[in-house]
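Single-structure report; data block below.
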Amino acid sequence: MTIDWLAFLQVFLAALTAGVVVVGFYALGLRLLARSGRIPVALPATFTDAITVLSPKQIKRAEKSAAKAAAKSPLTEGAKRLSLIGAFACFAVCALAVGSGILLIVLG
């Protein structure tokens, strides 16, 4: 039994590249989403004691802080809209990459 090291290297490089691309586009999408004034605030869920859960007062404070930061944005409405479109495009690239990876696995 022999191992085809060149094929192994190709699979490794493809997986590494795909991982970097998906994470990079997701991070860029989040950055553009925040730049457009739509800062994502995730509501906490109940977890074990290892994770701190925010109180409703802390959630309101975070939402107020996000709204205040969005109001201070020096960008014009057109620039904000362009950032939002770019964010959605980045998320679409991530979804397409993940979907095509699943299709490759399922359809072989």
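By convention here, the chains of the structure tokens are called A, B, ... in the order presented, each chain's residues are numbered starting at 1, and ligands are numbered starting at 1 in the order presented.
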Write out as JSON, numbers by chain which residues come within 12 Å of stretch 12-23 of chain A when counting only C-alpha atoms, dropping same-chain ones fewer than 5 positions away.
{"A": [5, 6, 7, 28, 29, 30, 90, 91, 92, 93, 94, 95, 96, 97, 98, 99, 100, 101]}
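Atom pair atom CA of A:Pro74 / atom CA of A:Gly37: separated by 10.5 Å.
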Near A:Lys80, counting only C-alpha atoms, which residues have an atom at most 6 Å away, once you skip same-chain residues fewer than 3 positions from it, shown as number ranges by chain?
A: 36, 77, 83
Identify, with DSSP run on backbone atoms, the residues in stretch 1-105 of chain A assigned to alpha helix (DSSP H), and express the list as a VMD selection string.
chain A and resid 5 to 35 56 to 71 77 to 105
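With only C-alpha atoms as the basis for measurement, A:Ala34 is the residue among A:Ala27, A:Met1, A:Ala34, A:Ala42 that approaches A:Leu84 most closely.
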Using only C-alpha atoms, which residue out of A:Ala79, A:Lys57, A:Ala66, A:Ala87 lies closest to A:Tyr26?
A:Ala87
Rounded to one decimal place, report the atom CA of A:Ile85-atom CA of A:Arg61 distance in Å.
27.8 Å
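Among the candidates A:Leu54, A:Leu75, A:Leu107, A:Leu82, the one nearest to A:Leu32 when counting only C-alpha atoms is A:Leu82.
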